[in-house]
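As stored in target-v1.pdb (PDB, C-alpha atoms):
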ATOM      1  CA  MET A   1      29.430  88.882  75.190
ATOM      2  CA  THR A   2      29.324  85.443  73.573
ATOM      3  CA  GLU A   3      25.540  85.521  73.646
ATOM      4  CA  VAL A   4      25.535  88.729  71.526
ATOM      5  CA  VAL A   5      27.984  87.173  69.048
ATOM      6  CA  LEU A   6      25.854  84.022  68.864
ATOM      7  CA  ARG A   7      22.719  86.102  68.138
ATOM      8  CA  ARG A   8      24.523  87.951  65.345
ATOM      9  CA  TRP A   9      25.552  84.652  63.747
ATOM     10  CA  TRP A  10      21.961  83.426  63.886
ATOM     11  CA  VAL A  11      20.784  86.650  62.228
ATOM     12  CA  TYR A  12      23.426  86.247  59.493
ATOM     13  CA  PHE A  13      22.486  82.598  59.056
ATOM     14  CA  ALA A  14      18.774  83.487  58.803
ATOM     15  CA  LEU A  15      19.516  86.171  56.197
ATOM     16  CA  ILE A  16      21.563  83.738  54.108
ATOM     17  CA  VAL A  17      18.761  81.139  54.211
ATOM     18  CA  MET A  18      16.169  83.768  53.232
ATOM     19  CA  MET A  19      18.316  84.971  50.321
ATOM     20  CA  ALA A  20      18.805  81.406  49.094
ATOM     21  CA  PHE A  21      15.058  80.770  49.282
ATOM     22  CA  ALA A  22      14.298  83.997  47.415
ATOM     23  CA  GLY A  23      16.818  83.007  44.715
ATOM     24  CA  SER A  24      15.101  79.641  44.235
ATOM     25  CA  LEU A  25      11.801  81.431  43.520
ATOM     26  CA  LEU A  26      13.283  83.453  40.678
ATOM     27  CA  PRO A  27      13.379  80.615  38.108
ATOM     28  CA  ALA A  28       9.719  79.770  38.858
ATOM     29  CA  TYR A  29       8.757  83.398  38.215
ATOM     30  CA  ALA A  30      10.681  83.350  34.933
ATOM     31  CA  GLN A  31       8.837  80.164  33.882
ATOM     32  CA  ASN A  32       5.450  81.736  34.642
ATOM     33  CA  THR A  33       6.394  84.795  32.565
ATOM     34  CA  THR A  34       7.367  82.543  29.658
ATOM     35  CA  ALA A  35       4.075  80.637  29.914
ATOM     36  CA  ALA A  36       2.155  83.921  29.826
ATOM     37  CA  GLN A  37       4.079  85.017  26.731
ATOM     38  CA  ASN A  38       3.309  81.682  25.004
ATOM     39  CA  THR A  39      -0.377  82.108  25.773
ATOM     40  CA  ALA A  40      -0.365  85.661  24.401
ATOM     41  CA  ALA A  41       1.256  84.463  21.156
ATOM     42  CA  TYR A  42      -1.362  81.773  20.468
ATOM     43  CA  LYS A  43      -2.095  81.464  16.763
ATOM     44  CA  LEU A  44      -5.563  80.577  15.572
ATOM     45  CA  GLY A  45      -5.998  77.396  13.580
ATOM     46  CA  VAL A  46      -8.428  75.019  11.927
ATOM     47  CA  GLY A  47     -10.930  73.662  14.443
ATOM     48  CA  ASP A  48     -10.878  76.653  16.794
ATOM     49  CA  LYS A  49     -14.167  78.294  17.718
ATOM     50  CA  VAL A  50     -13.994  82.054  18.276
ATOM     51  CA  HIS A  51     -16.379  84.608  19.703
ATOM     52  CA  VAL A  52     -16.269  87.828  17.685
ATOM     53  CA  THR A  53     -17.694  90.889  19.397
ATOM     54  CA  VAL A  54     -18.386  93.996  17.308
ATOM     55  CA  PHE A  55     -19.221  96.635  19.911
ATOM     56  CA  ASN A  56     -22.653  98.251  19.598
ATOM     57  CA  GLU A  57     -23.520  95.833  16.761
ATOM     58  CA  PRO A  58     -25.321  92.807  18.281
ATOM     59  CA  ASP A  59     -26.279  91.458  14.833
ATOM     60  CA  LEU A  60     -22.589  91.146  13.906
ATOM     61  CA  THR A  61     -21.527  89.537  17.192
ATOM     62  CA  GLY A  62     -21.445  85.769  17.620
ATOM     63  CA  ASP A  63     -19.575  82.460  17.762
ATOM     64  CA  PHE A  64     -17.827  81.320  14.594
ATOM     65  CA  ASP A  65     -15.861  78.198  13.649
ATOM     66  CA  VAL A  66     -12.543  78.334  11.827
ATOM     67  CA  ASN A  67     -13.218  75.950   8.935
ATOM     68  CA  ASP A  68     -10.855  73.461   7.295
ATOM     69  CA  GLN A  69      -9.400  76.242   5.120
ATOM     70  CA  GLY A  70      -8.694  78.564   8.073
ATOM     71  CA  ILE A  71     -11.618  80.850   7.264
ATOM     72  CA  VAL A  72     -14.462  82.283   9.343
ATOM     73  CA  SER A  73     -17.648  83.518   7.681
ATOM     74  CA  LEU A  74     -18.774  86.774   9.265
ATOM     75  CA  PRO A  75     -21.940  88.847   8.664
ATOM     76  CA  LEU A  76     -21.586  91.586   6.018
ATOM     77  CA  ILE A  77     -17.898  91.007   5.233
ATOM     78  CA  GLY A  78     -18.111  87.305   4.375
ATOM     79  CA  GLN A  79     -15.108  84.997   4.515
ATOM     80  CA  VAL A  80     -11.978  86.101   6.370
ATOM     81  CA  HIS A  81      -8.834  83.952   6.545
ATOM     82  CA  ILE A  82      -7.580  84.042  10.161
ATOM     83  CA  ALA A  83      -5.681  80.746  10.571
ATOM     84  CA  GLY A  84      -2.082  81.378  11.574
ATOM     85  CA  MET A  85      -2.882  84.802  13.036
ATOM     86  CA  THR A  86      -2.700  85.855  16.664
ATOM     87  CA  LEU A  87      -5.897  87.182  18.228
ATOM     88  CA  SER A  88      -4.763  90.800  17.859
ATOM     89  CA  GLU A  89      -3.818  90.284  14.187
ATOM     90  CA  ALA A  90      -7.227  88.753  13.468
ATOM     91  CA  GLN A  91      -8.936  91.619  15.305
ATOM     92  CA  ASP A  92      -7.053  94.145  13.165
ATOM     93  CA  VAL A  93      -7.987  92.400   9.898
ATOM     94  CA  ILE A  94     -11.671  92.138  10.823
ATOM     95  CA  THR A  95     -11.751  95.735  12.089
ATOM     96  CA  LYS A  96     -10.297  96.995   8.782
ATOM     97  CA  LYS A  97     -12.801  94.961   6.752
ATOM     98  CA  TYR A  98     -15.768  96.306   8.733
ATOM     99  CA  GLY A  99     -14.354  99.832   8.607
ATOM    100  CA  ALA A 100     -13.737  99.769   4.856
ATOM    101  CA  ASN A 101     -17.369  99.746   3.713
ATOM    102  CA  TYR A 102     -19.799  99.113   6.547
ATOM    103  CA  LEU A 103     -19.074 100.716   9.928
ATOM    104  CA  VAL A 104     -17.635 103.996  11.115
ATOM    105  CA  ASN A 105     -14.809 103.429  13.600
ATOM    106  CA  PRO A 106     -15.628  99.769  14.404
ATOM    107  CA  ARG A 107     -14.286  98.139  17.569
ATOM    108  CA  VAL A 108     -13.778  94.377  17.395
ATOM    109  CA  ASN A 109     -12.746  91.869  20.045
ATOM    110  CA  ILE A 110     -11.997  88.168  19.498
ATOM    111  CA  GLN A 111     -11.857  85.464  22.149
ATOM    112  CA  VAL A 112     -11.209  81.759  21.725
ATOM    113  CA  GLN A 113     -14.319  79.851  22.843
ATOM    114  CA  ASN A 114     -12.999  76.333  22.171
ATOM    115  CA  TYR A 115      -9.465  75.408  21.195
ATOM    116  CA  ARG A 116      -8.874  72.743  18.580
ATOM    117  CA  PRO A 117      -8.365  69.303  20.138
ATOM    118  CA  PHE A 118      -5.043  67.599  20.783
ATOM    119  CA  PHE A 119      -4.336  63.980  19.857
ATOM    120  CA  ILE A 120      -2.607  61.302  21.918
ATOM    121  CA  ILE A 121      -1.553  57.954  20.476
ATOM    122  CA  GLY A 122       0.620  55.042  21.467
ATOM    123  CA  GLU A 123       0.833  53.418  24.878
ATOM    124  CA  VAL A 124      -2.130  55.032  26.640
ATOM    125  CA  ARG A 125      -5.321  53.257  27.650
ATOM    126  CA  SER A 126      -7.652  55.341  25.426
ATOM    127  CA  PRO A 127      -5.780  56.916  22.501
ATOM    128  CA  GLY A 128      -7.671  59.512  20.504
ATOM    129  CA  SER A 129      -8.675  63.143  20.208
ATOM    130  CA  TYR A 130      -9.440  65.165  23.335
ATOM    131  CA  PRO A 131     -10.523  68.754  24.009
ATOM    132  CA  TYR A 132      -7.647  71.071  24.830
ATOM    133  CA  VAL A 133      -7.603  72.889  28.172
ATOM    134  CA  ASN A 134      -5.417  75.966  28.555
ATOM    135  CA  GLY A 135      -2.231  75.248  30.544
ATOM    136  CA  MET A 136      -2.396  71.490  29.974
ATOM    137  CA  THR A 137       0.800  69.459  30.453
ATOM    138  CA  VAL A 138       1.739  66.129  28.881
ATOM    139  CA  LEU A 139       0.980  64.360  32.160
ATOM    140  CA  ASN A 140      -2.506  65.933  32.184
ATOM    141  CA  ALA A 141      -3.021  64.733  28.603
ATOM    142  CA  VAL A 142      -1.970  61.192  29.547
ATOM    143  CA  ALA A 143      -4.383  61.261  32.498
ATOM    144  CA  VAL A 144      -7.246  62.382  30.232
ATOM    145  CA  ALA A 145      -6.425  59.432  27.947
ATOM    146  CA  GLY A 146      -6.731  56.962  30.850
ATOM    147  CA  GLY A 147      -3.077  56.820  31.884
ATOM    148  CA  PHE A 148      -0.119  54.832  30.589
ATOM    149  CA  THR A 149      -0.538  51.195  29.592
ATOM    150  CA  PRO A 150       1.772  48.777  31.434
ATOM    151  CA  ARG A 151       4.169  49.064  28.482
ATOM    152  CA  GLY A 152       4.010  52.872  28.290
ATOM    153  CA  ASN A 153       7.362  54.619  28.692
ATOM    154  CA  PRO A 154       7.066  57.993  30.457
ATOM    155  CA  ASP A 155      10.670  58.723  29.451
ATOM    156  CA  ASN A 156      10.032  58.312  25.703
ATOM    157  CA  ILE A 157       7.332  60.798  24.675
ATOM    158  CA  VAL A 158       7.411  62.783  21.425
ATOM    159  CA  VAL A 159       5.195  65.545  20.060
ATOM    160  CA  LYS A 160       4.399  66.876  16.605
ATOM    161  CA  HIS A 161       3.280  70.495  16.931
ATOM    162  CA  ALA A 162       0.335  71.578  14.794
ATOM    163  CA  ASN A 163       1.658  75.126  14.516
ATOM    164  CA  ASN A 164       4.818  73.824  12.773
ATOM    165  CA  PRO A 165       3.849  70.674  10.828
ATOM    166  CA  SER A 166       7.031  70.605   8.732
ATOM    167  CA  ALA A 167       9.258  70.342  11.825
ATOM    168  CA  PRO A 168      10.293  66.874  13.011
ATOM    169  CA  GLU A 169       8.871  65.295  16.159
ATOM    170  CA  GLN A 170      10.431  66.549  19.380
ATOM    171  CA  GLN A 171      11.229  64.648  22.557
ATOM    172  CA  ILE A 172       9.276  66.090  25.503
ATOM    173  CA  GLY A 173       8.799  65.389  29.192
ATOM    174  CA  GLU A 174       5.748  64.882  31.359
ATOM    175  CA  ASN A 175       5.774  68.488  32.602
ATOM    176  CA  ASP A 176       6.035  70.135  29.165
ATOM    177  CA  GLU A 177       3.046  72.129  27.963
ATOM    178  CA  VAL A 178       0.682  70.801  25.302
ATOM    179  CA  GLN A 179      -0.595  73.118  22.571
ATOM    180  CA  PRO A 180      -3.906  72.813  20.695
ATOM    181  CA  GLY A 181      -3.637  70.441  17.738
ATOM    182  CA  ASP A 182      -0.496  68.704  19.041
ATOM    183  CA  ILE A 183      -0.038  65.004  18.312
ATOM    184  CA  ILE A 184       1.541  63.287  21.321
ATOM    185  CA  THR A 185       3.024  59.806  20.910
ATOM    186  CA  ILE A 186       3.784  57.628  23.921
ATOM    187  CA  HIS A 187       6.324  54.969  22.961
ATOM    188  CA  GLN A 188       6.603  51.582  24.631
ATOM    189  CA  ARG A 189       9.458  50.534  26.851
ATOM    190  CA  LEU A 190      11.599  47.564  26.024
ATOM    191  CA  PHE A 191      11.169  45.736  29.341
TER
END
Since I need it in another form, could you write the structure as C-alpha cells?
Amino acid sequence: MTEVVLRRWWVYFALIVMMAFAGSLLPAYAQNTTAAQNTAAYKLGVGDKVHVTVFNEPDLTGDFDVNDQGIVSLPLIGQVHIAGMTLSEAQDVITKKYGANYLVNPRVNIQVQNYRPFFIIGEVRSPGSYPYVNGMTVLNAVAVAGGFTPRGNPDNIVVKHANNPSAPEQQIGENDEVQPGDIITIHQRLF
C-alpha cells in the first residue's frame, strides 16, 4: 500500500515540476512575439537600401537607396518620399502612384536590402559606424566594435534612437535590441 502512495506522490511531484517548467517558458514566448511585432513595425529611413519589385514589370524592378531627404527615385513615377513609413505603407503609396497613370492593377513588393548603419561611441576599442544586422543586441554591437576598453562600463550604456531623435537618451542593457541608425554610447567606469 505504501508503495502505491509513494508512486502517486512522485507522479504529483513530476506534474508540478512540469507545470513550473512550462510556466517559465511563457515569458520567453511573449518576448519572441514582441520582437516579431517590432520587426514588422520597422520604419524606413535615410540610408536604407530597398528592393522594389513591380510584378510582371522587370524594367521597374530594382534596388534603390533612400537618399538624405527620405526619397527614392523610381522609374516612371520619379521621386517618392518613403522615410518614416513601414514597408506596407510604402508599398501602398508606390502602388497608388503606378496605378494612377501607368499600370493597370499594379502589384508592388518592397524588401529592405541593407539597413542603415548603427553607431557606437565611447569606451569600445573601435568606435564608429557599423552595418546593422537584424536581431542585433547591444552586446553584439559592442563585440563588432572590438569589445569594451578596460575602462568601459557595461552597466552604463545609453542609446539615442534614430526613429525618435527628439527623445532623450535612454539607459539600456547588454541584452536590449539595437535598431538601425541608433547611436550607442558606452560610458566609462569610475574605478
Worksheet item: Which value, in Å to one decimal, gives the distance between atom CA of A:Tyr130 and atom CA of A:Thr61?
Response: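 Distance between the two atoms: 27.9 Å.
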Worksheet item: Which residues, protein or nucleic acid, reach to within 12 Å of (-22.2, 93.5, 17.3) in the file's coordinates when using only C-alpha atoms, and can you give that as JSON, numbers by chain?
Response: {"A": [51, 52, 53, 54, 55, 56, 57, 58, 59, 60, 61, 62, 63, 74, 75, 76, 95, 98, 103, 106, 107, 108, 109, 110]}
Practice prompt. Find the residue from A:Gly78, A:Pro154, A:Gly146, A:Pro131 that sits nearest to A:Gly181; use only C-alpha atoms when measuring.
Written response: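 Smallest distance to A:Gly181 is found for A:Pro131.
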Discussion item. Let me make sure I understand: among A:Tyr42, A:Phe148, A:Tyr132, A:Tyr115, which one has the smallest atom-to-atom distance to A:Ala90 if we use only C-alpha atoms?
Written reply: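 Checking each candidate against A:Ala90, we get A:Tyr42 as the closest.
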Fill in: Computed interatomic separation between atom CA of A:Asp68 and atom CA of A:Val124 (Å)
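Between atom CA of A:Asp68 and atom CA of A:Val124 the gap works out to 28.1 Å.
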Practice prompt. Go ahead and compute the interatomic distance for atom CA of A:Val46 and atom CA of A:Ala167, in Å to one decimal.
Written response: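 Interatomic distance, atom CA of A:Val46 to atom CA of A:Ala167: 18.3 Å.
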Under the PyMOL selection byres ((chain A and resi 50) around 6), which residues of this model are included? Write them out as a compact mmCIF listing (two decimals) with C-alpha atoms, in the frame of the given file.
# COMPACT_ATOMS: atom_id res chain seq x y z
CA LYS A 49 -14.17 78.29 17.72
CA HIS A 51 -16.38 84.61 19.70
CA ASP A 63 -19.58 82.46 17.76
CA PHE A 64 -17.83 81.32 14.59
CA GLN A 111 -11.86 85.46 22.15
CA VAL A 112 -11.21 81.76 21.72
CA GLN A 113 -14.32 79.85 22.84
Discussion item. I'd like the contact shell of A:Gly128 - 7 Å cut-off, all atoms listed in the file, skipping same-chain residues fewer than 5 positions apart - returned as a PyMOL selection string.
Written reply: chain A and resi 119-121
Discussion item. I'd like to see the residues matched by the PyMOL selection byres ((chain A and resi 43) around 6) on this file, and ideally I'd get them as a PyMOL selection string.
Written reply: chain A and resi 42+44+84-86
Discussion item. Within 12 Å of (8.3, 69.4, 31.7) (file coordinates; all atoms listed in the file), which protein or nucleic acid residues are there? I'd like them as a ChimeraX atom specification.
Written reply: /A:31,136-140,154-155,157,171-178
Worksheet item: For A:Pro127, which residue among A:Glu169, A:Gly152, A:Ala145, A:Asn114 is the nearest when counting only C-alpha atoms?
Response: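 Comparing A:Glu169, A:Gly152, A:Ala145, A:Asn114 against A:Pro127, the winner is A:Ala145.
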Worksheet item: Can you list, as a ChimeraX atom specification, every protein, DNA or RNA residue that comes within 7 Å of A:Gly70 when you count all atoms listed in the file, leaving out same-chain residues fewer than 6 positions away?
Response: /A:45-46,81-83
Discussion item. When you count all atoms listed in the file, which of these residues is closest to A:Glu123: A:Thr149, A:Glu89, A:Asn101, A:Pro165?
Written reply: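 Among the listed residues, A:Thr149 lies closest to A:Glu123.
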Could N, CA and C atoms be built for stretch 155-181 of chain A and written out as a PDB file, in the frame of the given file?
ATOM      1  N   ASP A 155       9.421  58.054  29.824  1.00  0.00           N
ATOM      2  CA  ASP A 155      10.670  58.723  29.451  1.00  0.00           C
ATOM      3  C   ASP A 155      10.864  58.791  27.940  1.00  0.00           C
ATOM      4  N   ASN A 156       9.910  58.292  27.166  1.00  0.00           N
ATOM      5  CA  ASN A 156      10.032  58.312  25.703  1.00  0.00           C
ATOM      6  C   ASN A 156       8.718  58.814  25.101  1.00  0.00           C
ATOM      7  N   ILE A 157       8.533  60.139  25.178  1.00  0.00           N
ATOM      8  CA  ILE A 157       7.332  60.798  24.675  1.00  0.00           C
ATOM      9  C   ILE A 157       7.768  61.814  23.627  1.00  0.00           C
ATOM     10  N   VAL A 158       7.106  61.807  22.471  1.00  0.00           N
ATOM     11  CA  VAL A 158       7.411  62.783  21.425  1.00  0.00           C
ATOM     12  C   VAL A 158       6.143  63.536  21.047  1.00  0.00           C
ATOM     13  N   VAL A 159       6.329  64.723  20.481  1.00  0.00           N
ATOM     14  CA  VAL A 159       5.195  65.545  20.060  1.00  0.00           C
ATOM     15  C   VAL A 159       5.460  66.098  18.669  1.00  0.00           C
ATOM     16  N   LYS A 160       4.399  66.200  17.905  1.00  0.00           N
ATOM     17  CA  LYS A 160       4.399  66.876  16.605  1.00  0.00           C
ATOM     18  C   LYS A 160       3.479  68.076  16.780  1.00  0.00           C
ATOM     19  N   HIS A 161       4.059  69.278  16.691  1.00  0.00           N
ATOM     20  CA  HIS A 161       3.280  70.495  16.931  1.00  0.00           C
ATOM     21  C   HIS A 161       2.475  70.876  15.694  1.00  0.00           C
ATOM     22  N   ALA A 162       1.215  71.197  15.896  1.00  0.00           N
ATOM     23  CA  ALA A 162       0.335  71.578  14.794  1.00  0.00           C
ATOM     24  C   ALA A 162       0.716  72.925  14.205  1.00  0.00           C
ATOM     25  N   ASN A 163       1.310  73.804  15.021  1.00  0.00           N
ATOM     26  CA  ASN A 163       1.658  75.126  14.516  1.00  0.00           C
ATOM     27  C   ASN A 163       2.928  75.106  13.668  1.00  0.00           C
ATOM     28  N   ASN A 164       3.629  73.963  13.609  1.00  0.00           N
ATOM     29  CA  ASN A 164       4.818  73.824  12.773  1.00  0.00           C
ATOM     30  C   ASN A 164       4.864  72.403  12.212  1.00  0.00           C
ATOM     31  N   PRO A 165       3.961  72.057  11.290  1.00  0.00           N
ATOM     32  CA  PRO A 165       3.849  70.674  10.828  1.00  0.00           C
ATOM     33  C   PRO A 165       5.056  70.166  10.052  1.00  0.00           C
ATOM     34  N   SER A 166       5.867  71.054   9.499  1.00  0.00           N
ATOM     35  CA  SER A 166       7.031  70.605   8.732  1.00  0.00           C
ATOM     36  C   SER A 166       8.213  70.245   9.631  1.00  0.00           C
ATOM     37  N   ALA A 167       8.169  70.645  10.890  1.00  0.00           N
ATOM     38  CA  ALA A 167       9.258  70.342  11.825  1.00  0.00           C
ATOM     39  C   ALA A 167       9.177  68.876  12.250  1.00  0.00           C
ATOM     40  N   PRO A 168      10.322  68.269  12.560  1.00  0.00           N
ATOM     41  CA  PRO A 168      10.293  66.874  13.011  1.00  0.00           C
ATOM     42  C   PRO A 168       9.710  66.759  14.422  1.00  0.00           C
ATOM     43  N   GLU A 169       9.355  65.536  14.800  1.00  0.00           N
ATOM     44  CA  GLU A 169       8.871  65.295  16.159  1.00  0.00           C
ATOM     45  C   GLU A 169       9.946  65.684  17.154  1.00  0.00           C
ATOM     46  N   GLN A 170       9.511  66.144  18.327  1.00  0.00           N
ATOM     47  CA  GLN A 170      10.431  66.549  19.380  1.00  0.00           C
ATOM     48  C   GLN A 170      10.207  65.700  20.618  1.00  0.00           C
ATOM     49  N   GLN A 171      11.303  65.357  21.274  1.00  0.00           N
ATOM     50  CA  GLN A 171      11.229  64.648  22.557  1.00  0.00           C
ATOM     51  C   GLN A 171      10.741  65.638  23.612  1.00  0.00           C
ATOM     52  N   ILE A 172       9.779  65.227  24.442  1.00  0.00           N
ATOM     53  CA  ILE A 172       9.276  66.090  25.503  1.00  0.00           C
ATOM     54  C   ILE A 172       9.147  65.297  26.790  1.00  0.00           C
ATOM     55  N   GLY A 173       8.966  66.016  27.885  1.00  0.00           N
ATOM     56  CA  GLY A 173       8.799  65.389  29.192  1.00  0.00           C
ATOM     57  C   GLY A 173       7.375  65.530  29.688  1.00  0.00           C
ATOM     58  N   GLU A 174       7.094  64.886  30.795  1.00  0.00           N
ATOM     59  CA  GLU A 174       5.748  64.882  31.359  1.00  0.00           C
ATOM     60  C   GLU A 174       5.263  66.267  31.772  1.00  0.00           C
ATOM     61  N   ASN A 175       6.169  67.169  32.123  1.00  0.00           N
ATOM     62  CA  ASN A 175       5.774  68.488  32.602  1.00  0.00           C
ATOM     63  C   ASN A 175       5.771  69.550  31.518  1.00  0.00           C
ATOM     64  N   ASP A 176       6.067  69.172  30.262  1.00  0.00           N
ATOM     65  CA  ASP A 176       6.035  70.135  29.165  1.00  0.00           C
ATOM     66  C   ASP A 176       4.587  70.465  28.806  1.00  0.00           C
ATOM     67  N   GLU A 177       4.393  71.659  28.276  1.00  0.00           N
ATOM     68  CA  GLU A 177       3.046  72.129  27.963  1.00  0.00           C
ATOM     69  C   GLU A 177       2.588  71.606  26.608  1.00  0.00           C
ATOM     70  N   VAL A 178       1.317  71.258  26.539  1.00  0.00           N
ATOM     71  CA  VAL A 178       0.682  70.801  25.302  1.00  0.00           C
ATOM     72  C   VAL A 178       0.023  72.012  24.648  1.00  0.00           C
ATOM     73  N   GLN A 179       0.068  72.062  23.317  1.00  0.00           N
ATOM     74  CA  GLN A 179      -0.595  73.118  22.571  1.00  0.00           C
ATOM     75  C   GLN A 179      -1.772  72.526  21.796  1.00  0.00           C
ATOM     76  N   PRO A 180      -2.784  73.327  21.476  1.00  0.00           N
ATOM     77  CA  PRO A 180      -3.906  72.813  20.695  1.00  0.00           C
ATOM     78  C   PRO A 180      -3.425  72.230  19.362  1.00  0.00           C
ATOM     79  N   GLY A 181      -3.986  71.085  18.999  1.00  0.00           N
ATOM     80  CA  GLY A 181      -3.637  70.441  17.738  1.00  0.00           C
ATOM     81  C   GLY A 181      -2.412  69.557  17.795  1.00  0.00           C
TER      82      GLY A 181
END
